[in-house]
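This is entry.cif. It holds mmCIF, N, CA and C atoms.
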```cif
data_structure
#
loop_
_atom_site.group_PDB
_atom_site.id
_atom_site.type_symbol
_atom_site.label_atom_id
_atom_site.label_comp_id
_atom_site.auth_asym_id
_atom_site.auth_seq_id
_atom_site.Cartn_x
_atom_site.Cartn_y
_atom_site.Cartn_z
ATOM 1 N N ILE X 1 -6.804 -28.676 -45.741
ATOM 2 C CA ILE X 1 -6.867 -28.599 -47.186
ATOM 3 C C ILE X 1 -8.035 -29.446 -47.702
ATOM 4 N N GLY X 2 -8.240 -30.612 -47.112
ATOM 5 C CA GLY X 2 -9.324 -31.488 -47.540
ATOM 6 C C GLY X 2 -10.686 -30.835 -47.399
ATOM 7 N N LYS X 3 -10.897 -30.111 -46.305
ATOM 8 C CA LYS X 3 -12.171 -29.416 -46.098
ATOM 9 C C LYS X 3 -12.362 -28.336 -47.166
ATOM 10 N N TRP X 4 -11.290 -27.594 -47.479
ATOM 11 C CA TRP X 4 -11.368 -26.554 -48.506
ATOM 12 C C TRP X 4 -11.685 -27.171 -49.866
ATOM 13 N N LEU X 5 -11.024 -28.274 -50.196
ATOM 14 C CA LEU X 5 -11.280 -28.935 -51.472
ATOM 15 C C LEU X 5 -12.698 -29.500 -51.542
ATOM 16 N N GLY X 6 -13.267 -29.873 -50.398
ATOM 17 C CA GLY X 6 -14.637 -30.331 -50.366
ATOM 18 C C GLY X 6 -15.606 -29.267 -50.857
ATOM 19 N N VAL X 7 -15.293 -28.002 -50.597
ATOM 20 C CA VAL X 7 -16.117 -26.879 -51.043
ATOM 21 C C VAL X 7 -15.696 -26.405 -52.429
ATOM 22 N N ASN X 8 -14.407 -26.294 -52.656
ATOM 23 C CA ASN X 8 -13.873 -25.624 -53.846
ATOM 24 C C ASN X 8 -13.222 -26.529 -54.883
ATOM 25 N N GLY X 9 -13.269 -27.826 -54.684
ATOM 26 C CA GLY X 9 -12.594 -28.761 -55.583
ATOM 27 C C GLY X 9 -12.996 -28.625 -57.039
ATOM 28 N N GLU X 10 -14.241 -28.235 -57.292
ATOM 29 C CA GLU X 10 -14.710 -28.055 -58.675
ATOM 30 C C GLU X 10 -13.843 -27.050 -59.434
ATOM 31 N N ALA X 11 -13.313 -26.056 -58.734
ATOM 32 C CA ALA X 11 -12.483 -25.024 -59.364
ATOM 33 C C ALA X 11 -11.035 -25.482 -59.556
ATOM 34 N N ILE X 12 -10.723 -26.687 -59.077
ATOM 35 C CA ILE X 12 -9.352 -27.215 -59.157
ATOM 36 C C ILE X 12 -9.293 -28.476 -60.023
ATOM 37 N N TYR X 13 -10.064 -29.493 -59.638
ATOM 38 C CA TYR X 13 -10.002 -30.785 -60.323
ATOM 39 C C TYR X 13 -10.552 -30.694 -61.746
ATOM 40 N N GLY X 14 -9.777 -31.194 -62.704
ATOM 41 C CA GLY X 14 -10.214 -31.226 -64.096
ATOM 42 C C GLY X 14 -10.181 -29.875 -64.792
ATOM 43 N N THR X 15 -9.562 -28.880 -64.174
ATOM 44 C CA THR X 15 -9.476 -27.559 -64.787
ATOM 45 C C THR X 15 -8.100 -27.352 -65.408
ATOM 46 N N ARG X 16 -8.017 -26.296 -66.165
ATOM 47 C CA ARG X 16 -6.746 -25.862 -66.755
ATOM 48 C C ARG X 16 -6.564 -24.381 -66.444
ATOM 49 N N ALA X 17 -5.364 -23.927 -66.620
ATOM 50 C CA ALA X 17 -5.121 -22.490 -66.459
ATOM 51 C C ALA X 17 -5.855 -21.747 -67.562
ATOM 52 N N TRP X 18 -6.418 -20.590 -67.217
ATOM 53 C CA TRP X 18 -7.032 -19.726 -68.211
ATOM 54 C C TRP X 18 -5.909 -18.972 -68.910
ATOM 55 N N THR X 19 -6.209 -18.211 -69.967
ATOM 56 C CA THR X 19 -5.177 -17.480 -70.709
ATOM 57 C C THR X 19 -4.431 -16.499 -69.817
ATOM 58 N N LYS X 20 -5.065 -16.032 -68.763
ATOM 59 C CA LYS X 20 -4.441 -15.145 -67.790
ATOM 60 C C LYS X 20 -4.501 -15.864 -66.449
ATOM 61 N N SER X 21 -3.365 -16.001 -65.770
ATOM 62 C CA SER X 21 -3.354 -16.791 -64.538
ATOM 63 C C SER X 21 -3.991 -16.072 -63.357
ATOM 64 N N GLY X 22 -3.930 -14.748 -63.350
ATOM 65 C CA GLY X 22 -4.500 -14.037 -62.224
ATOM 66 C C GLY X 22 -4.546 -12.544 -62.418
ATOM 67 N N GLU X 23 -5.197 -11.899 -61.451
ATOM 68 C CA GLU X 23 -5.347 -10.436 -61.445
ATOM 69 C C GLU X 23 -5.566 -10.030 -59.990
ATOM 70 N N GLY X 24 -4.690 -9.219 -59.457
ATOM 71 C CA GLY X 24 -4.850 -8.783 -58.067
ATOM 72 C C GLY X 24 -4.995 -9.961 -57.129
ATOM 73 N N ASN X 25 -6.094 -10.012 -56.367
ATOM 74 C CA ASN X 25 -6.338 -11.086 -55.403
ATOM 75 C C ASN X 25 -7.069 -12.282 -56.001
ATOM 76 N N PHE X 26 -7.160 -12.368 -57.321
ATOM 77 C CA PHE X 26 -7.858 -13.469 -57.981
ATOM 78 C C PHE X 26 -6.880 -14.337 -58.769
ATOM 79 N N ARG X 27 -7.164 -15.652 -58.779
ATOM 80 C CA ARG X 27 -6.465 -16.603 -59.625
ATOM 81 C C ARG X 27 -7.523 -17.295 -60.463
ATOM 82 N N PHE X 28 -7.198 -17.621 -61.723
ATOM 83 C CA PHE X 28 -8.194 -18.117 -62.658
ATOM 84 C C PHE X 28 -7.894 -19.529 -63.140
ATOM 85 N N THR X 29 -8.961 -20.329 -63.249
ATOM 86 C CA THR X 29 -8.907 -21.632 -63.893
ATOM 87 C C THR X 29 -10.126 -21.734 -64.803
ATOM 88 N N LYS X 30 -10.134 -22.748 -65.671
ATOM 89 C CA LYS X 30 -11.280 -22.924 -66.571
ATOM 90 C C LYS X 30 -11.548 -24.403 -66.792
ATOM 91 N N LYS X 31 -12.804 -24.680 -67.107
ATOM 92 C CA LYS X 31 -13.248 -26.027 -67.463
ATOM 93 C C LYS X 31 -14.352 -25.843 -68.488
ATOM 94 N N ARG X 32 -14.099 -26.238 -69.732
ATOM 95 C CA ARG X 32 -15.023 -26.020 -70.855
ATOM 96 C C ARG X 32 -15.370 -24.531 -70.944
ATOM 97 N N ASN X 33 -16.645 -24.164 -70.879
ATOM 98 C CA ASN X 33 -17.021 -22.748 -71.010
ATOM 99 C C ASN X 33 -17.219 -22.064 -69.655
ATOM 100 N N ILE X 34 -16.746 -22.688 -68.594
ATOM 101 C CA ILE X 34 -16.874 -22.111 -67.251
ATOM 102 C C ILE X 34 -15.511 -21.617 -66.789
ATOM 103 N N LEU X 35 -15.497 -20.409 -66.248
ATOM 104 C CA LEU X 35 -14.276 -19.881 -65.655
ATOM 105 C C LEU X 35 -14.462 -19.781 -64.155
ATOM 106 N N TYR X 36 -13.392 -20.021 -63.428
ATOM 107 C CA TYR X 36 -13.401 -19.909 -61.975
ATOM 108 C C TYR X 36 -12.442 -18.804 -61.583
ATOM 109 N N ALA X 37 -12.914 -17.916 -60.749
ATOM 110 C CA ALA X 37 -12.081 -16.840 -60.209
ATOM 111 C C ALA X 37 -11.968 -17.101 -58.709
ATOM 112 N N ILE X 38 -10.796 -17.484 -58.271
ATOM 113 C CA ILE X 38 -10.584 -17.815 -56.861
ATOM 114 C C ILE X 38 -10.051 -16.577 -56.158
ATOM 115 N N ALA X 39 -10.882 -16.036 -55.246
ATOM 116 C CA ALA X 39 -10.520 -14.827 -54.501
ATOM 117 C C ALA X 39 -9.666 -15.228 -53.308
ATOM 118 N N LEU X 40 -8.456 -14.722 -53.244
ATOM 119 C CA LEU X 40 -7.567 -15.048 -52.143
ATOM 120 C C LEU X 40 -7.967 -14.342 -50.851
ATOM 121 N N LYS X 41 -8.687 -13.227 -50.979
ATOM 122 C CA LYS X 41 -9.165 -12.461 -49.816
ATOM 123 C C LYS X 41 -10.627 -12.102 -50.025
ATOM 124 N N TRP X 42 -11.376 -12.013 -48.924
ATOM 125 C CA TRP X 42 -12.755 -11.542 -48.983
ATOM 126 C C TRP X 42 -12.709 -10.045 -49.242
ATOM 127 N N PRO X 43 -13.465 -9.538 -50.202
ATOM 128 C CA PRO X 43 -13.356 -8.120 -50.561
ATOM 129 C C PRO X 43 -13.954 -7.175 -49.512
ATOM 130 N N VAL X 44 -13.408 -5.981 -49.458
ATOM 131 C CA VAL X 44 -13.936 -4.925 -48.602
ATOM 132 C C VAL X 44 -15.342 -4.592 -49.092
ATOM 133 N N ASN X 45 -16.261 -4.379 -48.192
ATOM 134 C CA ASN X 45 -17.660 -4.061 -48.530
ATOM 135 C C ASN X 45 -18.346 -5.161 -49.330
ATOM 136 N N ASP X 46 -17.809 -6.379 -49.294
ATOM 137 C CA ASP X 46 -18.408 -7.552 -49.934
ATOM 138 C C ASP X 46 -18.589 -7.424 -51.447
ATOM 139 N N ARG X 47 -17.841 -6.540 -52.109
ATOM 140 C CA ARG X 47 -17.917 -6.372 -53.567
ATOM 141 C C ARG X 47 -16.515 -6.391 -54.159
ATOM 142 N N ALA X 48 -16.399 -7.047 -55.299
ATOM 143 C CA ALA X 48 -15.111 -7.103 -55.987
ATOM 144 C C ALA X 48 -15.334 -6.957 -57.485
ATOM 145 N N THR X 49 -14.392 -6.303 -58.156
ATOM 146 C CA THR X 49 -14.446 -6.147 -59.608
ATOM 147 C C THR X 49 -13.279 -6.899 -60.231
ATOM 148 N N ILE X 50 -13.602 -7.715 -61.214
ATOM 149 C CA ILE X 50 -12.593 -8.455 -61.965
ATOM 150 C C ILE X 50 -12.499 -7.786 -63.334
ATOM 151 N N LYS X 51 -11.449 -7.032 -63.544
ATOM 152 C CA LYS X 51 -11.297 -6.258 -64.777
ATOM 153 C C LYS X 51 -11.183 -7.155 -66.013
ATOM 154 N N SER X 52 -10.580 -8.322 -65.865
ATOM 155 C CA SER X 52 -10.409 -9.241 -66.998
ATOM 156 C C SER X 52 -11.723 -9.786 -67.527
ATOM 157 N N PHE X 53 -12.806 -9.686 -66.751
ATOM 158 C CA PHE X 53 -14.108 -10.223 -67.151
ATOM 159 C C PHE X 53 -15.062 -9.107 -67.560
ATOM 160 N N GLY X 54 -14.539 -8.013 -68.103
ATOM 161 C CA GLY X 54 -15.370 -6.909 -68.593
ATOM 162 C C GLY X 54 -16.133 -7.300 -69.840
ATOM 163 N N SER X 55 -16.841 -6.360 -70.432
ATOM 164 C CA SER X 55 -17.706 -6.657 -71.581
ATOM 165 C C SER X 55 -16.924 -7.248 -72.763
ATOM 166 N N GLN X 56 -15.633 -6.964 -72.904
ATOM 167 C CA GLN X 56 -14.822 -7.525 -73.980
ATOM 168 C C GLN X 56 -14.616 -9.030 -73.790
ATOM 169 N N PHE X 57 -14.874 -9.544 -72.599
ATOM 170 C CA PHE X 57 -14.716 -10.954 -72.240
ATOM 171 C C PHE X 57 -15.851 -11.806 -72.804
ATOM 172 N N GLY X 58 -16.978 -11.197 -73.098
ATOM 173 C CA GLY X 58 -18.180 -11.915 -73.509
ATOM 174 C C GLY X 58 -19.214 -11.795 -72.402
ATOM 175 N N LYS X 59 -20.470 -11.923 -72.768
ATOM 176 C CA LYS X 59 -21.565 -11.704 -71.822
ATOM 177 C C LYS X 59 -21.614 -12.796 -70.749
ATOM 178 N N VAL X 60 -21.558 -12.384 -69.496
ATOM 179 C CA VAL X 60 -21.689 -13.297 -68.369
ATOM 180 C C VAL X 60 -23.174 -13.501 -68.091
ATOM 181 N N ASN X 61 -23.582 -14.765 -67.973
ATOM 182 C CA ASN X 61 -24.984 -15.102 -67.717
ATOM 183 C C ASN X 61 -25.277 -15.377 -66.250
ATOM 184 N N ARG X 62 -24.274 -15.904 -65.535
ATOM 185 C CA ARG X 62 -24.531 -16.352 -64.172
ATOM 186 C C ARG X 62 -23.231 -16.374 -63.384
ATOM 187 N N VAL X 63 -23.312 -15.953 -62.117
ATOM 188 C CA VAL X 63 -22.170 -16.031 -61.208
ATOM 189 C C VAL X 63 -22.659 -16.663 -59.911
ATOM 190 N N THR X 64 -21.962 -17.712 -59.478
ATOM 191 C CA THR X 64 -22.256 -18.354 -58.207
ATOM 192 C C THR X 64 -20.954 -18.489 -57.428
ATOM 193 N N MET X 65 -21.065 -18.801 -56.147
ATOM 194 C CA MET X 65 -19.889 -19.059 -55.324
ATOM 195 C C MET X 65 -19.975 -20.495 -54.850
ATOM 196 N N LEU X 66 -18.918 -21.259 -55.066
ATOM 197 C CA LEU X 66 -18.909 -22.644 -54.622
ATOM 198 C C LEU X 66 -19.101 -22.680 -53.107
ATOM 199 N N GLY X 67 -19.991 -23.562 -52.655
ATOM 200 C CA GLY X 67 -20.305 -23.669 -51.232
ATOM 201 C C GLY X 67 -21.431 -22.762 -50.783
ATOM 202 N N HIS X 68 -21.964 -21.937 -51.682
ATOM 203 C CA HIS X 68 -23.073 -21.027 -51.388
ATOM 204 C C HIS X 68 -24.213 -21.344 -52.348
ATOM 205 N N LYS X 69 -25.422 -21.419 -51.824
ATOM 206 C CA LYS X 69 -26.578 -21.717 -52.686
ATOM 207 C C LYS X 69 -27.098 -20.446 -53.329
ATOM 208 N N GLY X 70 -27.425 -20.543 -54.591
ATOM 209 C CA GLY X 70 -28.026 -19.427 -55.299
ATOM 210 C C GLY X 70 -27.025 -18.591 -56.064
ATOM 211 N N GLN X 71 -27.573 -17.777 -56.950
ATOM 212 C CA GLN X 71 -26.758 -16.873 -57.761
ATOM 213 C C GLN X 71 -26.341 -15.658 -56.958
ATOM 214 N N LEU X 72 -25.260 -15.046 -57.394
ATOM 215 C CA LEU X 72 -24.791 -13.799 -56.790
ATOM 216 C C LEU X 72 -25.192 -12.635 -57.691
ATOM 217 N N HIS X 73 -25.416 -11.482 -57.075
ATOM 218 C CA HIS X 73 -25.716 -10.284 -57.853
ATOM 219 C C HIS X 73 -24.419 -9.812 -58.517
ATOM 220 N N PHE X 74 -24.507 -9.437 -59.802
ATOM 221 C CA PHE X 74 -23.329 -8.937 -60.509
ATOM 222 C C PHE X 74 -23.755 -7.944 -61.569
ATOM 223 N N THR X 75 -22.814 -7.109 -61.953
ATOM 224 C CA THR X 75 -22.971 -6.228 -63.104
ATOM 225 C C THR X 75 -21.719 -6.379 -63.956
ATOM 226 N N GLN X 76 -21.869 -6.143 -65.248
ATOM 227 C CA GLN X 76 -20.743 -6.255 -66.166
ATOM 228 C C GLN X 76 -20.767 -5.085 -67.121
ATOM 229 N N ASP X 77 -19.615 -4.429 -67.272
ATOM 230 C CA ASP X 77 -19.465 -3.346 -68.227
ATOM 231 C C ASP X 77 -18.030 -3.335 -68.721
ATOM 232 N N ALA X 78 -17.644 -2.300 -69.428
ATOM 233 C CA ALA X 78 -16.291 -2.218 -69.979
ATOM 234 C C ALA X 78 -15.213 -2.208 -68.893
ATOM 235 N N GLU X 79 -15.567 -1.785 -67.687
ATOM 236 C CA GLU X 79 -14.603 -1.715 -66.575
ATOM 237 C C GLU X 79 -14.355 -3.063 -65.922
ATOM 238 N N GLY X 80 -15.288 -4.007 -66.099
ATOM 239 C CA GLY X 80 -15.104 -5.324 -65.504
ATOM 240 C C GLY X 80 -16.395 -5.935 -65.010
ATOM 241 N N LEU X 81 -16.259 -7.063 -64.346
ATOM 242 C CA LEU X 81 -17.373 -7.780 -63.739
ATOM 243 C C LEU X 81 -17.332 -7.486 -62.249
ATOM 244 N N THR X 82 -18.376 -6.832 -61.738
ATOM 245 C CA THR X 82 -18.456 -6.516 -60.314
ATOM 246 C C THR X 82 -19.433 -7.476 -59.666
ATOM 247 N N VAL X 83 -18.957 -8.199 -58.663
ATOM 248 C CA VAL X 83 -19.739 -9.238 -58.001
ATOM 249 C C VAL X 83 -19.932 -8.863 -56.530
ATOM 250 N N THR X 84 -21.172 -9.033 -56.063
ATOM 251 C CA THR X 84 -21.465 -8.857 -54.643
ATOM 252 C C THR X 84 -21.386 -10.227 -53.986
ATOM 253 N N PHE X 85 -20.472 -10.354 -53.045
ATOM 254 C CA PHE X 85 -20.278 -11.622 -52.347
ATOM 255 C C PHE X 85 -21.430 -11.842 -51.364
ATOM 256 N N PRO X 86 -21.720 -13.101 -50.996
ATOM 257 C CA PRO X 86 -22.822 -13.376 -50.068
ATOM 258 C C PRO X 86 -22.486 -12.891 -48.653
ATOM 259 N N ALA X 87 -23.493 -12.886 -47.803
ATOM 260 C CA ALA X 87 -23.316 -12.399 -46.424
ATOM 261 C C ALA X 87 -22.390 -13.302 -45.613
ATOM 262 N N GLU X 88 -22.408 -14.600 -45.885
ATOM 263 C CA GLU X 88 -21.588 -15.544 -45.123
ATOM 264 C C GLU X 88 -20.546 -16.219 -45.997
ATOM 265 N N LYS X 89 -19.370 -16.414 -45.432
ATOM 266 C CA LYS X 89 -18.288 -17.088 -46.138
ATOM 267 C C LYS X 89 -18.525 -18.596 -46.129
ATOM 268 N N PRO X 90 -18.351 -19.277 -47.283
ATOM 269 C CA PRO X 90 -18.567 -20.717 -47.335
ATOM 270 C C PRO X 90 -17.397 -21.544 -46.795
ATOM 271 N N CYS X 91 -16.265 -20.891 -46.576
ATOM 272 C CA CYS X 91 -15.078 -21.572 -46.058
ATOM 273 C C CYS X 91 -14.182 -20.517 -45.411
ATOM 274 N N ALA X 92 -13.062 -20.953 -44.851
ATOM 275 C CA ALA X 92 -12.194 -20.043 -44.096
ATOM 276 C C ALA X 92 -11.302 -19.167 -44.979
ATOM 277 N N VAL X 93 -10.848 -19.679 -46.114
ATOM 278 C CA VAL X 93 -9.949 -18.922 -46.993
ATOM 279 C C VAL X 93 -10.213 -19.252 -48.454
ATOM 280 N N ALA X 94 -9.837 -18.378 -49.353
ATOM 281 C CA ALA X 94 -9.887 -18.566 -50.802
ATOM 282 C C ALA X 94 -11.265 -19.027 -51.274
ATOM 283 N N TYR X 95 -12.003 -18.125 -51.866
ATOM 284 C CA TYR X 95 -13.407 -18.308 -52.216
ATOM 285 C C TYR X 95 -13.558 -18.359 -53.733
ATOM 286 N N SER X 96 -14.212 -19.412 -54.236
ATOM 287 C CA SER X 96 -14.267 -19.658 -55.675
ATOM 288 C C SER X 96 -15.570 -19.171 -56.300
ATOM 289 N N LEU X 97 -15.426 -18.247 -57.252
ATOM 290 C CA LEU X 97 -16.568 -17.790 -58.039
ATOM 291 C C LEU X 97 -16.632 -18.621 -59.321
ATOM 292 N N LYS X 98 -17.826 -19.083 -59.642
ATOM 293 C CA LYS X 98 -18.054 -19.828 -60.878
ATOM 294 C C LYS X 98 -18.741 -18.872 -61.836
ATOM 295 N N VAL X 99 -18.060 -18.554 -62.933
ATOM 296 C CA VAL X 99 -18.537 -17.555 -63.889
ATOM 297 C C VAL X 99 -18.929 -18.269 -65.190
ATOM 298 N N GLU X 100 -20.215 -18.176 -65.527
ATOM 299 C CA GLU X 100 -20.717 -18.825 -66.739
ATOM 300 C C GLU X 100 -21.078 -17.757 -67.755
ATOM 301 N N ARG X 101 -20.685 -17.982 -69.001
ATOM 302 C CA ARG X 101 -20.943 -17.009 -70.067
ATOM 303 C C ARG X 101 -21.457 -17.701 -71.306
ATOM 304 N N GLU X 102 -21.914 -16.878 -72.248
ATOM 305 C CA GLU X 102 -22.423 -17.413 -73.515
ATOM 306 C C GLU X 102 -21.307 -18.004 -74.333
#
```
Show how you would write the structure in this file as structure tokens.
Amino acid sequence: IGKWLGVNGEAIYGTRAWTKSGEGNFRFTKKRNILYAIALKWPVNDRATIKSFGSQFGKVNRVTMLGHKGQLHFTQDAEGLTVTFPAEKPCAVAYSLKVERE
């Protein structure tokens, strides 16, 4: 658990529950204007769509994965926020996406 928190602690410590606790394989937390979507499973074909973060959610400016350097490719429309996960997993289980919006 300590090793996982070393990578993903930002999505846990000092956060609160978002208005919706989860969706499918994702669980959500928030800290100020940042939302964290913690994926319980690595998605098939390295892509996942979070329906709760669609265009009605507000414009997403940046998506990163804790433990991975650089931004992730994403698209956002009325159907949701679709994120392409990186080639390598930053930890063994539960992967935290950091979603920043306006």
task = Run the PyMOL selection byres ((chain X and resi 30) around 8) mentally over the shown coordinates, then write out the matched residues as a PyMOL selection string, using the chain letters and numbers from the document.
result = chain X and resi 11-12+14-19+27-29+31-37
Shell of 10 Å around Phe53 of chain X, only C-alpha atoms, local chain residues under 5 positions omitted, as a list in words = Leu35, Ala37, Gly58, Lys59, Val60, Gln76, Asp77, Ala78, Glu79, Gly80, Leu81, Thr82 and Val99 of chain X
ask   = Between X:Gly67, X:Asp46, X:Ser52, X:His73, which is the closest to Ala87 of chain X once you count only C-alpha atoms?
value = X:Asp46
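Taking all atoms listed in the file into account, Thr84 of chain X lies nearest to X:Arg47 out of the set X:His68, X:Arg62, X:Lys3, X:Arg47.
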request  = Using the chain letters and numbers from the file, give me the residues hit by the PyMOL selection byres (((chain X and resi 25 and name CA) around 12) and name CA), as a ChimeraX atom specification.
outcome  = /X:21-24,26-28,37-44,48-51,94-96
request  = Extract the full set of strand (DSSP E or B) residues from segment 47-97 of chain X according to DSSP on the backbone, and format it as a PyMOL selection string.
outcome  = chain X and resi 47-50+60-65+71+74-77+80-84+95-97
inquiry  = If I take atom CA of Val7 of chain X and atom CA of Met65 of chain X, how far is one from the other in Å, to one decimal?
reply    =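 Taking atom CA of Val7 of chain X and atom CA of Met65 of chain X, their separation equals 9.7 Å.
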request  = Return the single residue from X:Lys89, X:Ser55, X:Leu66, X:Glu102 that is closest to Gly9 of chain X, with distances computed using only C-alpha atoms.
outcome  =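 Looking only at the distances to Gly9 of chain X, the closest residue turns out to be X:Leu66.
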note = Computed gap from atom CA of Asn8 of chain X to atom CA of Val93 of chain X is 10.4 Å
message = Given only N, CA and C atoms as the basis, pick out the residue of X:Thr75, X:Gln56, X:Asn61, X:Asn45 nearest to Arg101 of chain X.
response = X:Asn61
